[in-house]
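Pasting upload_5.txt here (compact mmCIF, C-alpha atoms and all ligand atoms):
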# COMPACT_ATOMS: atom_id res chain seq x y z
CA MET A 1 -4.61 1.26 35.63
CA PRO A 2 -2.42 -1.47 34.07
CA SER A 3 -0.39 0.08 31.30
CA ASP A 4 -1.25 -2.62 28.78
CA LEU A 5 -4.83 -1.37 28.88
CA VAL A 6 -3.81 1.93 27.39
CA PRO A 7 -3.70 2.07 23.60
CA ALA A 8 -0.87 4.09 22.08
CA ALA A 9 -1.26 7.82 22.60
CA PRO A 10 -2.74 9.58 19.61
CA ALA A 11 -0.20 11.12 17.25
CA PRO A 12 -0.57 14.69 16.11
CA VAL A 13 -2.35 15.06 12.78
CA PRO A 14 0.46 15.38 10.23
CA ALA A 15 0.69 18.81 8.68
CA ALA A 16 0.43 18.98 4.92
CA PRO A 17 3.94 18.97 3.45
CA ALA A 18 5.46 22.29 2.44
CA SER A 19 4.77 23.14 -1.18
CA GLY A 20 7.22 21.63 -3.63
CA ARG A 21 7.70 18.49 -1.52
CA SER A 22 5.24 15.80 -2.38
CA ALA A 23 3.76 13.61 0.34
CA PRO A 24 4.34 9.86 0.00
CA ASP A 25 1.49 8.62 -2.14
CA HIS A 26 0.60 4.93 -1.97
CA ARG A 27 -0.70 5.01 -5.55
CA ARG A 28 2.64 6.18 -6.93
CA LEU A 29 4.63 3.83 -4.65
CA GLY A 30 2.24 0.98 -5.46
CA ARG A 31 3.04 1.39 -9.16
CA GLU A 32 6.79 1.90 -8.69
CA LEU A 33 7.17 -1.05 -6.33
CA GLU A 34 4.72 -3.19 -8.36
CA LEU A 35 2.42 -3.89 -5.42
CA PHE A 36 -1.01 -3.44 -7.01
CA ASP A 37 -2.67 -2.00 -10.09
CA THR A 38 -6.01 -1.62 -11.81
CA ASP A 39 -7.27 -2.32 -15.30
CA PRO A 40 -10.14 -0.49 -16.98
CA LEU A 41 -11.53 -3.85 -18.06
CA ILE A 42 -11.83 -4.96 -14.44
CA GLY A 43 -13.12 -1.55 -13.46
CA SER A 44 -12.28 1.36 -11.23
CA GLY A 45 -12.20 0.72 -7.51
CA LEU A 46 -11.34 -2.92 -8.16
CA PRO A 47 -7.55 -3.16 -7.78
CA TYR A 48 -5.67 -6.41 -8.18
CA TRP A 49 -2.65 -7.34 -6.10
CA LEU A 50 0.67 -8.11 -7.78
CA PRO A 51 2.96 -10.75 -6.22
CA ASP A 52 4.90 -8.30 -4.02
CA GLY A 53 1.71 -6.63 -2.79
CA ALA A 54 0.12 -10.01 -2.22
CA ALA A 55 3.14 -11.06 -0.11
CA ILE A 56 2.63 -8.01 2.15
CA ARG A 57 -1.09 -8.68 2.38
CA HIS A 58 -0.55 -12.34 3.19
CA ALA A 59 1.92 -11.52 6.00
CA LEU A 60 -0.47 -8.93 7.40
CA GLU A 61 -3.46 -11.28 7.28
CA GLU A 62 -1.51 -14.02 9.06
CA PHE A 63 -0.30 -11.50 11.65
CA ILE A 64 -3.83 -10.41 12.47
CA ARG A 65 -5.21 -13.97 12.51
CA GLY A 66 -2.44 -14.95 14.92
CA ARG A 67 -3.24 -12.06 17.24
CA GLU A 68 -6.94 -12.92 17.11
CA ARG A 69 -6.35 -16.62 17.81
CA ARG A 70 -4.35 -15.68 20.89
CA ALA A 71 -7.19 -13.39 22.01
CA GLY A 72 -9.72 -16.24 21.84
CA TYR A 73 -11.29 -15.68 18.42
CA ARG A 74 -12.31 -18.53 16.10
CA HIS A 75 -12.15 -17.90 12.36
CA VAL A 76 -14.87 -18.65 9.83
CA TYR A 77 -15.45 -18.13 6.11
CA SER A 78 -18.77 -16.96 4.72
CA PRO A 79 -19.87 -16.05 1.18
CA VAL A 80 -19.78 -12.51 -0.24
CA LEU A 81 -23.37 -12.86 -1.44
CA GLY A 82 -26.64 -13.22 0.38
CA LYS A 83 -30.33 -13.13 -0.41
CA ARG A 84 -32.02 -9.77 -0.38
CA GLU A 85 -34.21 -10.93 2.54
CA LEU A 86 -31.11 -11.26 4.73
CA TYR A 87 -30.41 -7.52 4.38
CA GLU A 88 -34.05 -6.68 4.85
CA ILE A 89 -33.84 -8.40 8.24
CA SER A 90 -30.52 -6.74 9.17
CA GLY A 91 -31.84 -3.31 8.19
CA HIS A 92 -29.22 -2.69 5.49
CA TRP A 93 -31.89 -2.74 2.79
CA GLU A 94 -33.80 0.06 4.47
CA HIS A 95 -30.94 2.17 5.81
CA TYR A 96 -27.89 1.44 3.69
CA ARG A 97 -29.20 0.58 0.23
CA GLU A 98 -27.61 3.55 -1.57
CA ASP A 99 -24.17 2.14 -0.70
CA MET A 100 -25.06 -1.34 -1.98
CA PHE A 101 -24.83 -2.72 -5.51
CA PRO A 102 -28.19 -3.43 -7.13
CA PRO A 103 -29.55 -6.92 -6.52
CA MET A 104 -29.05 -9.71 -9.07
CA ASP A 105 -32.11 -11.60 -10.24
CA LEU A 106 -31.72 -15.37 -10.01
CA GLY A 107 -35.08 -16.64 -11.18
CA ALA A 108 -37.46 -16.38 -8.25
CA GLU A 109 -34.95 -14.82 -5.84
CA GLN A 110 -32.62 -11.86 -5.63
CA VAL A 111 -29.11 -11.93 -4.23
CA VAL A 112 -26.89 -8.99 -3.36
CA LEU A 113 -23.18 -8.46 -2.82
CA ARG A 114 -22.92 -8.07 0.91
CA PRO A 115 -22.29 -4.61 2.33
CA SER A 116 -21.07 -6.06 5.66
CA LEU A 117 -20.30 -9.38 7.33
CA CYS A 118 -22.54 -8.93 10.37
CA PRO A 119 -25.67 -10.67 9.00
CA HIS A 120 -23.72 -13.79 7.98
CA HIS A 121 -22.14 -14.01 11.42
CA ALA A 122 -25.51 -13.54 13.11
CA LEU A 123 -26.74 -16.56 11.11
CA ILE A 124 -23.66 -18.58 12.10
CA TYR A 125 -24.48 -17.80 15.74
CA ARG A 126 -28.11 -18.76 15.13
CA SER A 127 -27.21 -22.04 13.41
CA ARG A 128 -27.84 -23.95 16.65
CA ALA A 129 -28.93 -23.35 20.23
CA ARG A 130 -26.35 -21.53 22.36
CA SER A 131 -25.69 -21.85 26.07
CA HIS A 132 -24.38 -19.05 28.30
CA ARG A 133 -21.36 -21.31 28.83
CA GLU A 134 -20.29 -20.67 25.21
CA LEU A 135 -20.27 -16.92 25.69
CA PRO A 136 -18.45 -14.77 24.88
CA LEU A 137 -18.34 -16.39 21.42
CA ARG A 138 -15.81 -14.55 19.27
CA ILE A 139 -16.23 -15.15 15.53
CA ALA A 140 -13.67 -13.57 13.20
CA GLU A 141 -13.28 -13.43 9.44
CA LEU A 142 -11.08 -11.65 6.93
CA GLY A 143 -13.89 -11.51 4.43
CA GLY A 144 -14.97 -9.77 1.26
CA MET A 145 -17.67 -7.12 1.13
CA HIS A 146 -18.71 -4.55 -1.44
CA ARG A 147 -19.60 -0.91 -1.46
CA SER A 148 -21.08 0.90 -4.43
CA GLU A 149 -18.90 4.01 -4.30
CA PRO A 150 -19.39 6.64 -7.01
CA SER A 151 -16.56 6.38 -9.55
CA GLY A 152 -15.40 9.97 -8.90
CA VAL A 153 -14.12 9.20 -5.40
CA LEU A 154 -12.28 5.98 -6.22
CA GLY A 155 -8.51 5.85 -6.06
CA GLY A 156 -5.70 3.48 -5.23
CA LEU A 157 -6.45 1.27 -2.26
CA THR A 158 -8.16 3.83 -0.03
CA ARG A 159 -11.55 4.01 -1.78
CA VAL A 160 -12.47 0.72 -3.40
CA ARG A 161 -15.63 -1.13 -4.35
CA ALA A 162 -14.44 -4.58 -3.26
CA ILE A 163 -13.18 -4.59 0.32
CA GLN A 164 -11.43 -7.28 2.33
CA LEU A 165 -12.43 -6.56 5.92
CA ASN A 166 -10.73 -7.69 9.10
CA ASP A 167 -13.94 -8.20 11.01
CA ALA A 168 -15.24 -9.99 14.07
CA HIS A 169 -18.41 -10.26 16.10
CA ILE A 170 -18.45 -11.14 19.75
CA PHE A 171 -21.73 -12.60 20.94
CA CYS A 172 -21.95 -12.14 24.69
CA THR A 173 -24.20 -11.41 27.64
CA PRO A 174 -25.03 -7.75 28.33
CA GLU A 175 -22.78 -7.94 31.44
CA GLN A 176 -19.80 -9.07 29.31
CA ALA A 177 -20.15 -6.43 26.59
CA ALA A 178 -18.05 -3.65 28.14
CA ASP A 179 -15.18 -6.02 29.05
CA GLU A 180 -15.20 -7.45 25.54
CA ALA A 181 -15.13 -3.98 23.99
CA VAL A 182 -12.26 -2.92 26.30
CA ALA A 183 -10.34 -6.07 25.28
CA ALA A 184 -11.04 -5.31 21.60
CA LEU A 185 -9.71 -1.78 22.02
CA ARG A 186 -6.61 -3.18 23.71
CA LEU A 187 -6.08 -5.64 20.84
CA ILE A 188 -6.36 -2.71 18.43
CA GLY A 189 -3.74 -0.75 20.40
CA GLU A 190 -1.33 -3.71 20.45
CA ALA A 191 -1.74 -4.38 16.73
CA HIS A 192 -1.21 -0.71 15.89
CA ARG A 193 1.99 -0.62 17.96
CA ALA A 194 3.31 -3.75 16.24
CA LEU A 195 2.59 -2.20 12.84
CA GLY A 196 4.01 1.21 13.75
CA ILE A 197 0.62 2.85 13.22
CA ARG A 198 -0.15 5.90 15.38
CA PRO A 199 -3.82 6.87 15.47
CA VAL A 200 -4.55 10.59 15.49
CA ARG A 201 -7.86 10.43 17.35
CA TYR A 202 -10.34 8.19 19.12
CA ARG A 203 -13.85 9.18 18.15
CA LEU A 204 -17.16 8.29 19.76
CA SER A 205 -19.39 8.31 16.68
CA LEU A 206 -22.99 9.25 17.41
CA PRO A 207 -26.07 9.44 15.18
CA GLY A 208 -26.97 12.68 13.42
CA GLU A 209 -30.08 14.14 11.87
CA GLY A 210 -32.17 12.33 9.30
CA GLY A 211 -33.78 8.94 8.87
CA LYS A 212 -30.51 7.10 8.30
CA TYR A 213 -30.55 5.47 11.73
CA VAL A 214 -32.80 2.86 13.29
CA ALA A 215 -35.25 4.38 15.73
CA ALA A 216 -34.78 2.81 19.16
CA PRO A 217 -33.80 5.59 21.57
CA GLU A 218 -33.27 3.37 24.66
CA LEU A 219 -30.95 1.03 22.77
CA TRP A 220 -28.89 3.96 21.44
CA GLU A 221 -28.61 5.38 24.95
CA ARG A 222 -27.45 2.07 26.39
CA SER A 223 -24.82 1.62 23.69
CA VAL A 224 -23.54 5.18 24.02
CA ALA A 225 -23.26 4.81 27.81
CA LEU A 226 -21.35 1.53 27.47
CA LEU A 227 -18.98 2.83 24.79
CA THR A 228 -18.27 5.92 26.89
CA GLU A 229 -17.42 3.63 29.81
CA VAL A 230 -15.16 1.56 27.53
CA LEU A 231 -13.24 4.64 26.38
CA GLU A 232 -12.89 5.95 29.92
CA ARG A 233 -11.70 2.60 31.26
CA SER A 234 -9.20 2.36 28.41
CA GLY A 235 -7.76 5.72 29.40
CA VAL A 236 -7.80 7.27 25.93
CA PRO A 237 -8.81 10.83 25.20
CA PHE A 238 -11.70 10.90 22.75
CA GLU A 239 -14.02 13.26 20.96
CA ALA A 240 -17.70 12.73 20.26
CA ALA A 241 -18.86 13.33 16.68
CA GLU A 242 -22.45 13.44 15.49
CA GLY A 243 -23.52 11.91 12.22
CA GLU A 244 -20.75 9.28 12.13
CA ALA A 245 -22.55 6.30 13.74
CA ALA A 246 -23.48 3.07 11.95
CA PHE A 247 -27.18 2.93 11.11
CA TYR A 248 -27.74 0.36 13.88
CA GLY A 249 -25.67 1.92 16.65
CA PRO A 250 -22.89 4.19 17.88
CA LYS A 251 -19.25 3.19 17.52
CA ILE A 252 -15.74 3.92 18.67
CA ASP A 253 -13.68 4.87 15.63
CA VAL A 254 -9.91 4.89 15.69
CA GLN A 255 -8.81 7.56 13.22
CA ILE A 256 -5.59 7.69 11.22
CA ALA A 257 -4.30 10.44 8.95
CA ASP A 258 -2.23 10.31 5.79
CA ALA A 259 0.81 12.48 5.11
CA ALA A 260 -1.45 15.22 3.71
CA GLY A 261 -3.46 15.23 6.97
CA ARG A 262 -6.55 13.58 5.49
CA GLU A 263 -8.27 11.59 8.21
CA SER A 264 -9.98 8.23 7.85
CA THR A 265 -11.31 5.49 10.11
CA LEU A 266 -9.09 2.44 10.47
CA SER A 267 -10.43 0.46 13.42
CA THR A 268 -13.84 0.33 15.09
CA VAL A 269 -15.57 -1.11 18.15
CA GLN A 270 -19.37 -1.17 18.41
CA ILE A 271 -21.82 -2.48 20.97
CA ASP A 272 -25.02 -3.47 19.21
CA PHE A 273 -28.35 -4.34 20.79
CA HIS A 274 -30.22 -3.90 17.54
CA GLN A 275 -29.12 -6.74 15.24
CA PRO A 276 -29.49 -9.46 17.94
CA GLU A 277 -33.11 -8.36 18.15
CA ARG A 278 -33.65 -8.26 14.37
CA PHE A 279 -32.21 -11.77 14.02
CA GLY A 280 -33.97 -13.13 17.11
CA LEU A 281 -30.68 -14.29 18.66
CA ARG A 282 -30.89 -16.17 21.96
CA TYR A 283 -28.85 -18.04 24.50
CA ILE A 284 -29.96 -20.25 27.35
CA GLY A 285 -28.98 -18.61 30.64
CA PRO A 286 -28.02 -20.27 33.94
CA ASP A 287 -31.71 -19.92 34.86
CA GLY A 288 -32.67 -22.21 31.97
CA ARG A 289 -34.49 -19.35 30.20
CA ARG A 290 -33.82 -17.75 26.85
CA HIS A 291 -31.97 -14.42 26.83
CA ARG A 292 -30.89 -11.94 24.18
CA PRO A 293 -27.12 -11.72 23.56
CA VAL A 294 -25.30 -8.51 22.63
CA MET A 295 -23.17 -8.22 19.49
CA VAL A 296 -19.83 -6.44 19.80
CA HIS A 297 -18.63 -5.60 16.28
CA ARG A 298 -14.96 -4.82 15.98
CA SER A 299 -12.28 -4.40 13.37
CA VAL A 300 -8.63 -4.25 14.40
CA ILE A 301 -7.00 -3.14 11.15
CA GLY A 302 -10.13 -2.26 9.19
CA SER A 303 -10.00 -3.00 5.50
CA VAL A 304 -6.87 -4.70 4.24
CA GLU A 305 -6.81 -2.24 1.32
CA ARG A 306 -6.83 0.85 3.50
CA VAL A 307 -4.31 -0.42 6.04
CA VAL A 308 -1.87 -1.49 3.32
CA ALA A 309 -2.24 1.94 1.67
CA HIS A 310 -1.40 3.50 5.04
CA LEU A 311 1.58 1.20 5.63
CA ILE A 312 2.97 1.88 2.13
CA GLU A 313 2.96 5.62 2.87
CA LEU A 314 4.15 5.18 6.47
CA TYR A 315 7.23 3.19 5.46
CA GLY A 316 7.75 4.63 1.98
CA GLY A 317 8.21 1.04 0.77
CA ALA A 318 10.91 0.20 3.39
CA PHE A 319 8.73 -2.27 5.31
CA PRO A 320 9.74 -4.03 8.53
CA ALA A 321 11.37 -7.35 7.64
CA TRP A 322 8.30 -9.44 8.52
CA LEU A 323 6.15 -7.45 6.05
CA ALA A 324 8.71 -6.90 3.30
CA PRO A 325 7.84 -8.60 -0.03
CA THR A 326 11.49 -9.71 -0.35
CA GLN A 327 13.20 -10.13 3.00
CA LEU A 328 16.64 -11.19 1.91
CA VAL A 329 18.51 -10.76 -1.36
CA LEU A 330 21.54 -12.95 -2.04
CA LEU A 331 24.30 -11.35 -4.08
CA PRO A 332 26.89 -13.79 -5.47
CA LEU A 333 29.96 -11.79 -6.48
CA SER A 334 30.49 -13.85 -9.62
CA GLU A 335 29.21 -16.97 -11.34
CA GLY A 336 31.68 -18.91 -9.14
CA GLU A 337 29.48 -18.28 -6.10
CA ARG A 338 26.20 -19.02 -7.86
CA GLU A 339 25.93 -22.53 -6.47
CA ALA A 340 26.57 -21.40 -2.89
CA ALA A 341 23.91 -18.70 -3.32
CA GLU A 342 21.39 -21.24 -4.64
CA ARG A 343 22.06 -23.56 -1.68
CA LEU A 344 21.52 -20.66 0.70
CA ARG A 345 18.31 -19.77 -1.12
CA GLU A 346 16.99 -23.28 -0.49
CA ARG A 347 17.72 -22.93 3.23
CA CYS A 348 15.89 -19.60 3.33
CA LEU A 349 12.87 -21.14 1.63
CA ASP A 350 12.92 -23.98 4.16
CA LEU A 351 12.78 -21.35 6.91
CA GLY A 352 9.83 -19.64 5.21
CA LEU A 353 11.83 -16.53 4.27
CA ARG A 354 11.04 -14.59 1.09
CA VAL A 355 14.36 -14.61 -0.74
CA GLU A 356 15.79 -13.72 -4.11
CA VAL A 357 19.13 -14.33 -5.79
CA ALA A 358 20.43 -11.32 -7.74
CA GLY A 359 23.41 -12.64 -9.74
CA PRO A 360 25.99 -10.85 -11.89
CA GLU A 361 23.64 -10.98 -14.90
CA ARG A 362 21.84 -8.08 -13.19
CA GLY A 363 24.87 -5.82 -13.30
CA SER A 364 27.70 -4.75 -11.03
CA LEU A 365 27.55 -5.47 -7.31
CA GLY A 366 26.99 -1.76 -6.63
CA ALA A 367 24.06 -1.65 -9.05
CA ARG A 368 22.54 -4.78 -7.52
CA ILE A 369 22.90 -3.34 -4.00
CA ARG A 370 21.20 -0.12 -5.12
CA ALA A 371 18.38 -2.05 -6.79
CA ALA A 372 17.79 -3.92 -3.51
CA ARG A 373 17.92 -0.80 -1.29
CA LEU A 374 14.42 -1.44 0.14
CA VAL A 375 15.17 -5.09 0.98
CA PRO A 376 15.86 -5.44 4.74
CA TYR A 377 18.82 -7.83 4.37
CA GLN A 378 21.40 -8.21 1.63
CA ALA A 379 23.97 -10.99 1.72
CA VAL A 380 27.08 -10.65 -0.42
CA ILE A 381 28.61 -14.02 -1.17
CA GLY A 382 32.23 -13.86 -2.26
CA PRO A 383 34.75 -16.72 -2.63
CA ARG A 384 35.56 -16.68 1.11
CA GLU A 385 31.93 -16.81 2.23
CA ALA A 386 31.19 -19.56 -0.32
CA ALA A 387 34.15 -21.66 0.85
CA ASP A 388 33.52 -21.21 4.59
CA GLY A 389 29.70 -21.28 4.59
CA LEU A 390 29.58 -17.71 5.88
CA VAL A 391 27.23 -14.83 5.23
CA ALA A 392 28.30 -11.15 5.20
CA LEU A 393 25.10 -9.23 5.81
CA ARG A 394 24.35 -5.66 4.85
CA LEU A 395 21.28 -4.29 6.61
CA ARG A 396 19.00 -1.80 4.90
CA ASP A 397 19.87 0.83 7.52
CA GLY A 398 23.56 0.65 6.58
CA ARG A 399 24.79 -1.60 9.39
CA ARG A 400 27.15 -4.45 8.46
CA PRO A 401 27.37 -7.14 11.14
CA ALA A 402 30.54 -9.28 11.12
CA PRO A 403 30.31 -12.33 8.81
CA LEU A 404 28.41 -15.18 10.46
CA PRO A 405 27.93 -18.88 9.72
CA ALA A 406 25.00 -19.00 7.28
CA ALA A 407 22.76 -21.07 9.56
CA GLU A 408 23.22 -18.64 12.44
CA ALA A 409 22.53 -15.56 10.30
CA LEU A 410 19.36 -17.09 8.85
CA ASP A 411 18.15 -18.22 12.27
CA ARG A 412 18.55 -14.72 13.63
CA ILE A 413 16.64 -13.21 10.71
CA GLY A 414 13.98 -15.91 11.01
CA ALA A 415 13.56 -15.23 14.75
CA LEU A 416 13.09 -11.48 14.18
CA VAL A 417 10.58 -12.14 11.40
CA ASP A 418 8.66 -14.66 13.53
CA VAL A 419 7.99 -12.12 16.27
CA CYS A 420 7.12 -9.37 13.75
CA SER A 421 10.00 -7.30 15.08
CA PRO A 422 10.29 -3.68 13.95
CA GLU A 423 14.08 -4.05 14.37
CA LEU A 424 16.37 -5.40 11.65
CA TRP A 425 19.02 -6.74 14.04
CA ASP A 426 19.61 -7.08 17.76
ZN ZN A 501 -20.50 -6.10 12.15

Rewrite the structure of this file - the entire thing - as structure tokens.
Amino acid sequence: MPSDLVPAAPAPVPAAPASGRSAPDHRRLGRELELFDTDPLIGSGLPYWLPDGAAIRHALEEFIRGRERRAGYRHVYSPVLGKRELYEISGHWEHYREDMFPPMDLGAEQVVLRPSLCPHHALIYRSRARSHRELPLRIAELGGMHRSEPSGVLGGLTRVRAIQLNDAHIFCTPEQAADEAVAALRLIGEAHRALGIRPVRYRLSLPGEGGKYVAAPELWERSVALLTEVLERSGVPFEAAEGEAAFYGPKIDVQIADAAGRESTLSTVQIDFHQPERFGLRYIGPDGRRHRPVMVHRSVIGSVERVVAHLIELYGGAFPAWLAPTQLVLLPLSEGEREAAERLRERCLDLGLRVEVAGPERGSLGARIRAARLVPYQAVIGPREAADGLVALRLRDGRRPAPLPAAEALDRIGALVDVCSPELWD
């Protein structure tokens, strides 16, 4: 089996920290590092993102869009609202209503905040006739959705009522579905490795008791058989769990755990025969007849809120350079080097780097270095550096490369950031 097919091996579930030592908590770090916050007037479960948090989120969203583009996905935007009828067709109204906000009356019609992106993407597929030559059609969106969580369970970024989901739907022939799901699982593994995320478990989520699930036994069996094949071909150990499926079908869930050992689902892959039927989706086959496509639902990093919460705790605020809110801080020794620092700042901005100048008005050099301890790169600019156009870098991990011409130092940082390197220097 080619090794790139194998997602990263599951990590052991972290043990709860010994008493007296507190686990990294993204809510506390989020406040201290000014990444996000909430306001009672906006409401609980509705965090807003401060500039530094927004910078992380933006980098992450661009990272995932880039990976998806390379994997053949096309991106769309669709609205966070839809008419009630749309969710009656999809089955959400019947099977998922308790997790949805109540509908809003708009004269003769009712609209609801969407609980998922699938119905909108099914309509985008259905917007014109499709040929088998267009398949697999991979439609991706980082889009908003809403979940009416009870206020007691809300907290930080992990349980929210407004969710930004990294989502995609692959419309394909039944013969293509397993290959597409294997490729989605591989994309998930690659993205996790790039982000430093180690899943604790791959779970095959099956239906449980009760009327929560659509009744179509043959379709469930087909999906379960295909997902089992996908997991086996991908070479990952997995566990089956009853009662964890989506209402319309089984799914592969990639589980992560926080420092306290609490598990949650980050990424998913689903093979769905149900919604294509509900929406009457078709494609014209090589035989000139109309056929039913399959929908592969998949999310690589899940909700942006949850993955950022995980990354905050994983790195304790010391993010890889490509994700760091401030990548480089420039430290002029005195006012005499201010102008050189400002010129360097302009060059960083031209290169797309997130840069800050921390001048002597912010205290002694030692104090400024301490204040910037989470910033990947610090550049002290003394009289010699200013005169010779050099940069003396201090890396966050304590390394101090020999002074370099400014352009060379910035190019090297820019190159590491461009490839989303986990390393600070090479
Ligand atoms: Zn979906």

Considering all atoms listed in the file, return as a ChimeraX atom specification whatever protein or nucleic-acid residues lie within 10 Å of A:Leu314, sequence-local ones (same chain, fewer than 2 positions apart) excluded.
/A:24-26,195-198,258-259,308-312,316-319

Quick check, in Å to one decimal: how far apart do atom CA of A:Gly155 and atom CA of A:Arg84 lie?
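Going from atom CA of A:Gly155 over to atom CA of A:Arg84 covers 28.8 Å.
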
Within 9 Å of ligand ZN 501 (chain A), counting all atoms listed in the file, residues as a PyMOL selection string
chain A and resi 116-119+121+167-169+270+272+295-299

Go through A:Pro401, A:Gly82, A:Gly107, A:Pro174 and flag the residue nearest A:Met145, using only C-alpha atoms for the distances.
A:Gly82

Could you work out how far atom CA of A:Ile139 lies from atom CA of A:Lys83, giving the answer in Å with one decimal?
21.4 Å

Mind giving me the straight-line distance from atom CA of A:Arg65 to atom CA of A:Ala245 in Å, one decimal?
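Pair atom CA of A:Arg65 / atom CA of A:Ala245 returns 26.7 Å.
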
Using all atoms listed in the file, which of A:His92, A:Ala71, A:Glu109, A:Arg147 sits nearest A:Arg186?
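Among the listed residues, A:Ala71 lies closest to A:Arg186.
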
Among the residues A:Pro115, A:Gly143, A:Gly210, A:Pro422, the one that comes closest to A:Trp322 [using all atoms listed in the file]
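Closest candidate: A:Pro422.
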
My list of candidates is A:Val200, A:Val417, A:Leu353, A:Ala341. Which is closest to A:Gly382 when distances are computed with all atoms listed in the file?
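Residue with the minimum atom-to-atom distance to A:Gly382: A:Ala341.
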
I want to know what sits within 8 Å of A:Leu424, based on all atoms listed in the file, with residues of the same chain fewer than 3 positions away left out; could you give that as a list in words?
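Neighbouring residues, sequence-local ones excluded: Pro320, Ala321, Pro376, Leu395, Ile413, Leu416 and Ser421 of chain A.
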
Output C-alpha atoms for every residue in that selection, as a PDB file, keeping the file's coordinate frame.
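See out08.pdb below for the written result:
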ATOM      1  CA  PRO A 320       9.740  -4.030   8.530  1.00  0.00           C
ATOM      2  CA  ALA A 321      11.370  -7.350   7.640  1.00  0.00           C
ATOM      3  CA  PRO A 376      15.860  -5.440   4.740  1.00  0.00           C
ATOM      4  CA  LEU A 395      21.280  -4.290   6.610  1.00  0.00           C
ATOM      5  CA  ILE A 413      16.640 -13.210  10.710  1.00  0.00           C
ATOM      6  CA  LEU A 416      13.090 -11.480  14.180  1.00  0.00           C
ATOM      7  CA  SER A 421      10.000  -7.300  15.080  1.00  0.00           C
TER       8      SER A 421
END

Neighbouring residues of A:Arg362 were defined as those with any atom within 12 Å, considering all atoms listed in the file; residues of the same chain fewer than 3 positions away were excluded. Please report them as a ChimeraX atom specification.
/A:331-335,357-359,365-372

Test item: which residues lie within 6 Å of (-9.8, -4.7, 12.3) counting only C-alpha atoms, as a short mmCIF file (atom, residue, chain, number, x, y, z; two decimals) with C-alpha atoms, in the coordinates of the input:
data_model
loop_
_atom_site.label_atom_id
_atom_site.label_comp_id
_atom_site.auth_asym_id
_atom_site.auth_seq_id
_atom_site.Cartn_x
_atom_site.Cartn_y
_atom_site.Cartn_z
CA ASN A 166 -10.73 -7.69 9.10
CA ASP A 167 -13.94 -8.20 11.01
CA SER A 267 -10.43 0.46 13.42
CA SER A 299 -12.28 -4.40 13.37
CA VAL A 300 -8.63 -4.25 14.40
CA ILE A 301 -7.00 -3.14 11.15
CA GLY A 302 -10.13 -2.26 9.19
#

Select, from A:Ser148, A:Ser364, A:Ser131, A:Thr173, the residue with the minimum atom-to-atom distance to A:Ile271, counting all atoms listed in the file.
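Using all atoms listed in the file, A:Ile271 sits closest to A:Thr173.
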
A:Ala387 proximity check over A:Ile284, A:Leu29, A:Val294, A:Ala406, using only C-alpha atoms: winner is A:Ala406

Got a sec: who's within 9 Å of A:Leu323, counting only C-alpha atoms, leaving out chain neighbours fewer than 6 positions off, as a list of chain:residue names?
A:Ala55, A:Ile56, A:Arg57, A:His58, A:Ala59, A:Leu60, A:Val417, A:Cys420

Taking every listed atom of stretch 332-348 of chain A and adding 8 Å to each side, what centre and edge lengths in Å (one decimal) does the axis-aligned box have, as JSON?
{"center_x": 23.8, "center_y": -17.7, "center_z": -4.0, "size_x": 31.8, "size_y": 27.8, "size_z": 30.7}
